[in-house]
Amino acid sequence: MYGDPATIRKILTELGDTWAVVGLSNNQDRAAYGVARVLQRFGKRVIPVHPKAETVHGERGYASLADIPFKVDVVDVFVNSELAGPVADQAVAVGAEAVWFQLGVIDEAAYGRTREAGLAMVMDRCPAIEIPAL
């Protein structure tokens with residue numbers, strides 16, 4: 001299992017409220033758009049990370065995690081599994097506390113590297129589904 005209940009609870013309630021959402025743009029048809037809105041409703045600051053660096057839900061976007069000029073607590077990953085591992089490595093590099101791979105995003109090697117680096121990690125789950133249950 002890639003997200004035990006204790007780790008999910010820790011990420012959603014203890015590790016901080018600034019979430020970088022990789023893959024978030026103004027495309028309302030994409031899951032990231034709706035999930036980011038749910039996270040905001042639960043008090044999370046959602047920072048869009050997308051090559052377009054668009055402002056989404058009132059928050060300025062950045063082209064990469066490295067471009068964000070402040071600490072992010074959690075990196076929520078909405079990219080294909082093939083691209084997710086490098087994003088997890090970038091999350092470690094910028095000092096995030098946790099990485100969350102969305103439903104269908106699976107990279108077991110990245111999961112192992114991220115956990116070995118000391119970050120909390122959840123994979124193949126959705127915070128918009130988990131947070132209301134808390």
# chains A, B, ... in the order shown; residues from 1 in each chain; ligands from 1
call {"tool": "select_by_dssp", "arguments": {"residues": "chain A", "states": "strand (DSSP E or B)", "output": "JSON, numbers by chain"}}
result
{"A": [18, 19, 20, 21, 22, 45, 46, 47, 48, 49, 56, 59, 62, 74, 75, 76, 77, 98, 99, 100, 101, 120, 121, 122]}
call {"tool": "write_last_selection", "arguments": {"atoms": "N, CA and C atoms", "output": "mmCIF file, in the first residue's frame"}}
result
data_model
loop_
_atom_site.group_PDB
_atom_site.id
_atom_site.type_symbol
_atom_site.label_atom_id
_atom_site.label_comp_id
_atom_site.auth_asym_id
_atom_site.auth_seq_id
_atom_site.Cartn_x
_atom_site.Cartn_y
_atom_site.Cartn_z
ATOM 1 N N THR A 18 1.150 24.702 2.765
ATOM 2 C CA THR A 18 1.521 25.213 1.451
ATOM 3 C C THR A 18 1.805 24.029 0.532
ATOM 4 N N TRP A 19 0.938 23.872 -0.444
ATOM 5 C CA TRP A 19 1.003 22.748 -1.382
ATOM 6 C C TRP A 19 1.348 23.260 -2.778
ATOM 7 N N ALA A 20 2.426 22.754 -3.358
ATOM 8 C CA ALA A 20 2.737 23.001 -4.761
ATOM 9 C C ALA A 20 2.042 21.906 -5.567
ATOM 10 N N VAL A 21 1.207 22.286 -6.503
ATOM 11 C CA VAL A 21 0.472 21.315 -7.309
ATOM 12 C C VAL A 21 1.073 21.313 -8.717
ATOM 13 N N VAL A 22 1.868 20.286 -8.991
ATOM 14 C CA VAL A 22 2.577 20.171 -10.258
ATOM 15 C C VAL A 22 1.618 19.633 -11.315
ATOM 16 N N ARG A 45 -2.878 26.437 1.079
ATOM 17 C CA ARG A 45 -2.437 27.377 0.051
ATOM 18 C C ARG A 45 -1.934 26.538 -1.109
ATOM 19 N N VAL A 46 -2.480 26.736 -2.283
ATOM 20 C CA VAL A 46 -2.172 25.922 -3.454
ATOM 21 C C VAL A 46 -1.364 26.759 -4.442
ATOM 22 N N ILE A 47 -0.141 26.308 -4.724
ATOM 23 C CA ILE A 47 0.754 26.998 -5.638
ATOM 24 C C ILE A 47 0.802 26.220 -6.950
ATOM 25 N N PRO A 48 0.343 26.821 -8.061
ATOM 26 C CA PRO A 48 0.381 26.128 -9.347
ATOM 27 C C PRO A 48 1.817 25.995 -9.866
ATOM 28 N N VAL A 49 2.162 24.800 -10.334
ATOM 29 C CA VAL A 49 3.454 24.567 -10.982
ATOM 30 C C VAL A 49 3.158 23.940 -12.339
ATOM 31 N N VAL A 56 -3.669 30.583 -10.894
ATOM 32 C CA VAL A 56 -4.829 29.706 -10.797
ATOM 33 C C VAL A 56 -5.419 29.844 -9.405
ATOM 34 N N GLU A 59 -3.708 32.245 -7.023
ATOM 35 C CA GLU A 59 -2.299 32.071 -6.638
ATOM 36 C C GLU A 59 -1.405 32.117 -7.872
ATOM 37 N N TYR A 62 4.194 29.050 -11.061
ATOM 38 C CA TYR A 62 5.631 28.988 -11.325
ATOM 39 C C TYR A 62 5.886 27.865 -12.322
ATOM 40 N N VAL A 74 4.200 20.461 0.861
ATOM 41 C CA VAL A 74 3.791 19.236 0.177
ATOM 42 C C VAL A 74 3.818 19.496 -1.325
ATOM 43 N N VAL A 75 4.315 18.522 -2.082
ATOM 44 C CA VAL A 75 4.285 18.593 -3.537
ATOM 45 C C VAL A 75 3.289 17.545 -4.028
ATOM 46 N N ASP A 76 2.209 18.025 -4.636
ATOM 47 C CA ASP A 76 1.136 17.180 -5.153
ATOM 48 C C ASP A 76 1.357 17.034 -6.654
ATOM 49 N N VAL A 77 1.472 15.799 -7.137
ATOM 50 C CA VAL A 77 1.962 15.541 -8.489
ATOM 51 C C VAL A 77 0.846 15.033 -9.400
ATOM 52 N N ALA A 98 6.770 16.486 2.151
ATOM 53 C CA ALA A 98 6.013 15.334 1.665
ATOM 54 C C ALA A 98 5.789 15.448 0.170
ATOM 55 N N VAL A 99 5.541 14.285 -0.438
ATOM 56 C CA VAL A 99 5.171 14.200 -1.850
ATOM 57 C C VAL A 99 3.907 13.359 -1.932
ATOM 58 N N TRP A 100 2.989 13.802 -2.784
ATOM 59 C CA TRP A 100 1.722 13.093 -2.970
ATOM 60 C C TRP A 100 1.545 12.848 -4.456
ATOM 61 N N PHE A 101 1.568 11.589 -4.889
ATOM 62 C CA PHE A 101 1.286 11.229 -6.276
ATOM 63 C C PHE A 101 -0.204 10.929 -6.385
ATOM 64 N N ALA A 120 7.612 12.196 3.851
ATOM 65 C CA ALA A 120 6.385 11.395 3.844
ATOM 66 C C ALA A 120 5.950 11.287 2.383
ATOM 67 N N MET A 121 5.341 10.154 2.030
ATOM 68 C CA MET A 121 4.962 9.944 0.634
ATOM 69 C C MET A 121 3.685 9.133 0.546
ATOM 70 N N VAL A 122 2.807 9.572 -0.345
ATOM 71 C CA VAL A 122 1.590 8.846 -0.668
ATOM 72 C C VAL A 122 1.550 8.746 -2.187
#
call {"tool": "residues_around", "arguments": {"residues": "Asp107 in chain A", "least_positions_apart": "5", "cutoff": "8 Å", "atoms": "only C-alpha atoms", "output": "list in words"}}
result
Ser81, Glu82, Ala84 and Gly85 of chain A
call {"tool": "atom_distance", "arguments": {"atom1": "CA of His57 in chain A", "atom2": "CA of Ile106 in chain A"}}
result
26.9 Å
call {"tool": "atom_distance", "arguments": {"atom1": "CA of Val92 in chain A", "atom2": "CA of Ala63 in chain A"}}
result
17.2 Å
call {"tool": "decode", "arguments": {"residues": "range 27-40 of chain A", "atoms": "all heavy atoms", "output": "PDB file, in the first residue's frame"}}
result
ATOM      1  N   ASN A  27      -6.939  24.992 -16.906  1.00  0.00           N
ATOM      2  CA  ASN A  27      -7.801  24.075 -17.642  1.00  0.00           C
ATOM      3  C   ASN A  27      -8.779  23.428 -16.653  1.00  0.00           C
ATOM      4  O   ASN A  27      -8.423  22.525 -15.904  1.00  0.00           O
ATOM      5  CB  ASN A  27      -6.971  23.008 -18.352  1.00  0.00           C
ATOM      6  CG  ASN A  27      -7.824  22.093 -19.211  1.00  0.00           C
ATOM      7  OD1 ASN A  27      -9.044  22.017 -19.053  1.00  0.00           O
ATOM      8  ND2 ASN A  27      -7.184  21.379 -20.109  1.00  0.00           N
ATOM      9  N   GLN A  28     -10.009  23.912 -16.659  1.00  0.00           N
ATOM     10  CA  GLN A  28     -11.015  23.452 -15.703  1.00  0.00           C
ATOM     11  C   GLN A  28     -11.445  22.006 -15.937  1.00  0.00           C
ATOM     12  O   GLN A  28     -12.084  21.410 -15.075  1.00  0.00           O
ATOM     13  CB  GLN A  28     -12.226  24.380 -15.738  1.00  0.00           C
ATOM     14  CG  GLN A  28     -11.893  25.780 -15.271  1.00  0.00           C
ATOM     15  CD  GLN A  28     -13.075  26.709 -15.294  1.00  0.00           C
ATOM     16  OE1 GLN A  28     -14.221  26.280 -15.191  1.00  0.00           O
ATOM     17  NE2 GLN A  28     -12.815  28.002 -15.427  1.00  0.00           N
ATOM     18  N   ASP A  29     -11.106  21.436 -17.079  1.00  0.00           N
ATOM     19  CA  ASP A  29     -11.455  20.054 -17.366  1.00  0.00           C
ATOM     20  C   ASP A  29     -10.468  19.057 -16.760  1.00  0.00           C
ATOM     21  O   ASP A  29     -10.727  17.853 -16.766  1.00  0.00           O
ATOM     22  CB  ASP A  29     -11.522  19.828 -18.883  1.00  0.00           C
ATOM     23  CG  ASP A  29     -12.655  20.607 -19.526  1.00  0.00           C
ATOM     24  OD1 ASP A  29     -13.687  20.840 -18.856  1.00  0.00           O
ATOM     25  OD2 ASP A  29     -12.504  21.004 -20.700  1.00  0.00           O
ATOM     26  N   ARG A  30      -9.346  19.552 -16.267  1.00  0.00           N
ATOM     27  CA  ARG A  30      -8.330  18.676 -15.678  1.00  0.00           C
ATOM     28  C   ARG A  30      -8.614  18.460 -14.198  1.00  0.00           C
ATOM     29  O   ARG A  30      -9.073  19.362 -13.494  1.00  0.00           O
ATOM     30  CB  ARG A  30      -6.926  19.273 -15.846  1.00  0.00           C
ATOM     31  CG  ARG A  30      -6.526  19.609 -17.263  1.00  0.00           C
ATOM     32  CD  ARG A  30      -6.287  18.421 -18.104  1.00  0.00           C
ATOM     33  NE  ARG A  30      -5.216  17.617 -17.504  1.00  0.00           N
ATOM     34  CZ  ARG A  30      -4.543  16.704 -18.122  1.00  0.00           C
ATOM     35  NH1 ARG A  30      -4.817  16.438 -19.374  1.00  0.00           N
ATOM     36  NH2 ARG A  30      -3.605  16.017 -17.523  1.00  0.00           N
ATOM     37  N   ALA A  31      -8.320  17.265 -13.722  1.00  0.00           N
ATOM     38  CA  ALA A  31      -8.572  16.923 -12.318  1.00  0.00           C
ATOM     39  C   ALA A  31      -7.831  17.853 -11.368  1.00  0.00           C
ATOM     40  O   ALA A  31      -8.340  18.197 -10.295  1.00  0.00           O
ATOM     41  CB  ALA A  31      -8.182  15.478 -12.053  1.00  0.00           C
ATOM     42  N   ALA A  32      -6.628  18.274 -11.731  1.00  0.00           N
ATOM     43  CA  ALA A  32      -5.836  19.132 -10.845  1.00  0.00           C
ATOM     44  C   ALA A  32      -6.587  20.402 -10.465  1.00  0.00           C
ATOM     45  O   ALA A  32      -6.490  20.877  -9.331  1.00  0.00           O
ATOM     46  CB  ALA A  32      -4.500  19.481 -11.503  1.00  0.00           C
ATOM     47  N   TYR A  33      -7.359  20.940 -11.394  1.00  0.00           N
ATOM     48  CA  TYR A  33      -8.088  22.186 -11.147  1.00  0.00           C
ATOM     49  C   TYR A  33      -9.091  22.014 -10.006  1.00  0.00           C
ATOM     50  O   TYR A  33      -9.144  22.811  -9.071  1.00  0.00           O
ATOM     51  CB  TYR A  33      -8.791  22.633 -12.431  1.00  0.00           C
ATOM     52  CG  TYR A  33      -9.378  24.020 -12.343  1.00  0.00           C
ATOM     53  CD1 TYR A  33      -8.619  25.129 -12.668  1.00  0.00           C
ATOM     54  CD2 TYR A  33     -10.701  24.209 -11.951  1.00  0.00           C
ATOM     55  CE1 TYR A  33      -9.147  26.412 -12.593  1.00  0.00           C
ATOM     56  CE2 TYR A  33     -11.242  25.482 -11.875  1.00  0.00           C
ATOM     57  CZ  TYR A  33     -10.456  26.578 -12.194  1.00  0.00           C
ATOM     58  OH  TYR A  33     -10.997  27.841 -12.112  1.00  0.00           O
ATOM     59  N   GLY A  34      -9.875  20.948 -10.062  1.00  0.00           N
ATOM     60  CA  GLY A  34     -10.875  20.696  -9.024  1.00  0.00           C
ATOM     61  C   GLY A  34     -10.252  20.291  -7.698  1.00  0.00           C
ATOM     62  O   GLY A  34     -10.705  20.718  -6.633  1.00  0.00           O
ATOM     63  N   VAL A  35      -9.218  19.475  -7.751  1.00  0.00           N
ATOM     64  CA  VAL A  35      -8.553  19.041  -6.515  1.00  0.00           C
ATOM     65  C   VAL A  35      -7.940  20.244  -5.805  1.00  0.00           C
ATOM     66  O   VAL A  35      -8.043  20.384  -4.579  1.00  0.00           O
ATOM     67  CB  VAL A  35      -7.496  17.962  -6.810  1.00  0.00           C
ATOM     68  CG1 VAL A  35      -6.626  17.698  -5.589  1.00  0.00           C
ATOM     69  CG2 VAL A  35      -8.182  16.671  -7.260  1.00  0.00           C
ATOM     70  N   ALA A  36      -7.330  21.150  -6.566  1.00  0.00           N
ATOM     71  CA  ALA A  36      -6.743  22.352  -5.959  1.00  0.00           C
ATOM     72  C   ALA A  36      -7.810  23.180  -5.256  1.00  0.00           C
ATOM     73  O   ALA A  36      -7.583  23.705  -4.160  1.00  0.00           O
ATOM     74  CB  ALA A  36      -6.031  23.178  -7.027  1.00  0.00           C
ATOM     75  N   ARG A  37      -8.976  23.275  -5.848  1.00  0.00           N
ATOM     76  CA  ARG A  37     -10.078  24.029  -5.237  1.00  0.00           C
ATOM     77  C   ARG A  37     -10.501  23.380  -3.915  1.00  0.00           C
ATOM     78  O   ARG A  37     -10.740  24.057  -2.928  1.00  0.00           O
ATOM     79  CB  ARG A  37     -11.250  24.117  -6.211  1.00  0.00           C
ATOM     80  CG  ARG A  37     -12.454  24.842  -5.666  1.00  0.00           C
ATOM     81  CD  ARG A  37     -12.181  26.274  -5.280  1.00  0.00           C
ATOM     82  NE  ARG A  37     -12.219  27.131  -6.438  1.00  0.00           N
ATOM     83  CZ  ARG A  37     -11.715  28.352  -6.462  1.00  0.00           C
ATOM     84  NH1 ARG A  37     -11.149  28.863  -5.399  1.00  0.00           N
ATOM     85  NH2 ARG A  37     -11.781  29.074  -7.533  1.00  0.00           N
ATOM     86  N   VAL A  38     -10.592  22.061  -3.889  1.00  0.00           N
ATOM     87  CA  VAL A  38     -10.936  21.353  -2.649  1.00  0.00           C
ATOM     88  C   VAL A  38      -9.876  21.612  -1.585  1.00  0.00           C
ATOM     89  O   VAL A  38     -10.193  21.907  -0.428  1.00  0.00           O
ATOM     90  CB  VAL A  38     -11.103  19.833  -2.898  1.00  0.00           C
ATOM     91  CG1 VAL A  38     -11.236  19.078  -1.584  1.00  0.00           C
ATOM     92  CG2 VAL A  38     -12.315  19.575  -3.785  1.00  0.00           C
ATOM     93  N   LEU A  39      -8.618  21.517  -1.949  1.00  0.00           N
ATOM     94  CA  LEU A  39      -7.542  21.768  -0.985  1.00  0.00           C
ATOM     95  C   LEU A  39      -7.656  23.179  -0.410  1.00  0.00           C
ATOM     96  O   LEU A  39      -7.483  23.379   0.798  1.00  0.00           O
ATOM     97  CB  LEU A  39      -6.172  21.555  -1.634  1.00  0.00           C
ATOM     98  CG  LEU A  39      -5.811  20.107  -1.938  1.00  0.00           C
ATOM     99  CD1 LEU A  39      -4.562  20.047  -2.818  1.00  0.00           C
ATOM    100  CD2 LEU A  39      -5.611  19.303  -0.664  1.00  0.00           C
ATOM    101  N   GLN A  40      -7.957  24.150  -1.259  1.00  0.00           N
ATOM    102  CA  GLN A  40      -8.150  25.520  -0.776  1.00  0.00           C
ATOM    103  C   GLN A  40      -9.304  25.606   0.216  1.00  0.00           C
ATOM    104  O   GLN A  40      -9.200  26.286   1.234  1.00  0.00           O
ATOM    105  CB  GLN A  40      -8.389  26.487  -1.936  1.00  0.00           C
ATOM    106  CG  GLN A  40      -7.139  26.882  -2.658  1.00  0.00           C
ATOM    107  CD  GLN A  40      -7.410  27.940  -3.707  1.00  0.00           C
ATOM    108  OE1 GLN A  40      -8.464  27.943  -4.368  1.00  0.00           O
ATOM    109  NE2 GLN A  40      -6.471  28.849  -3.876  1.00  0.00           N
TER     110      GLN A  40
END
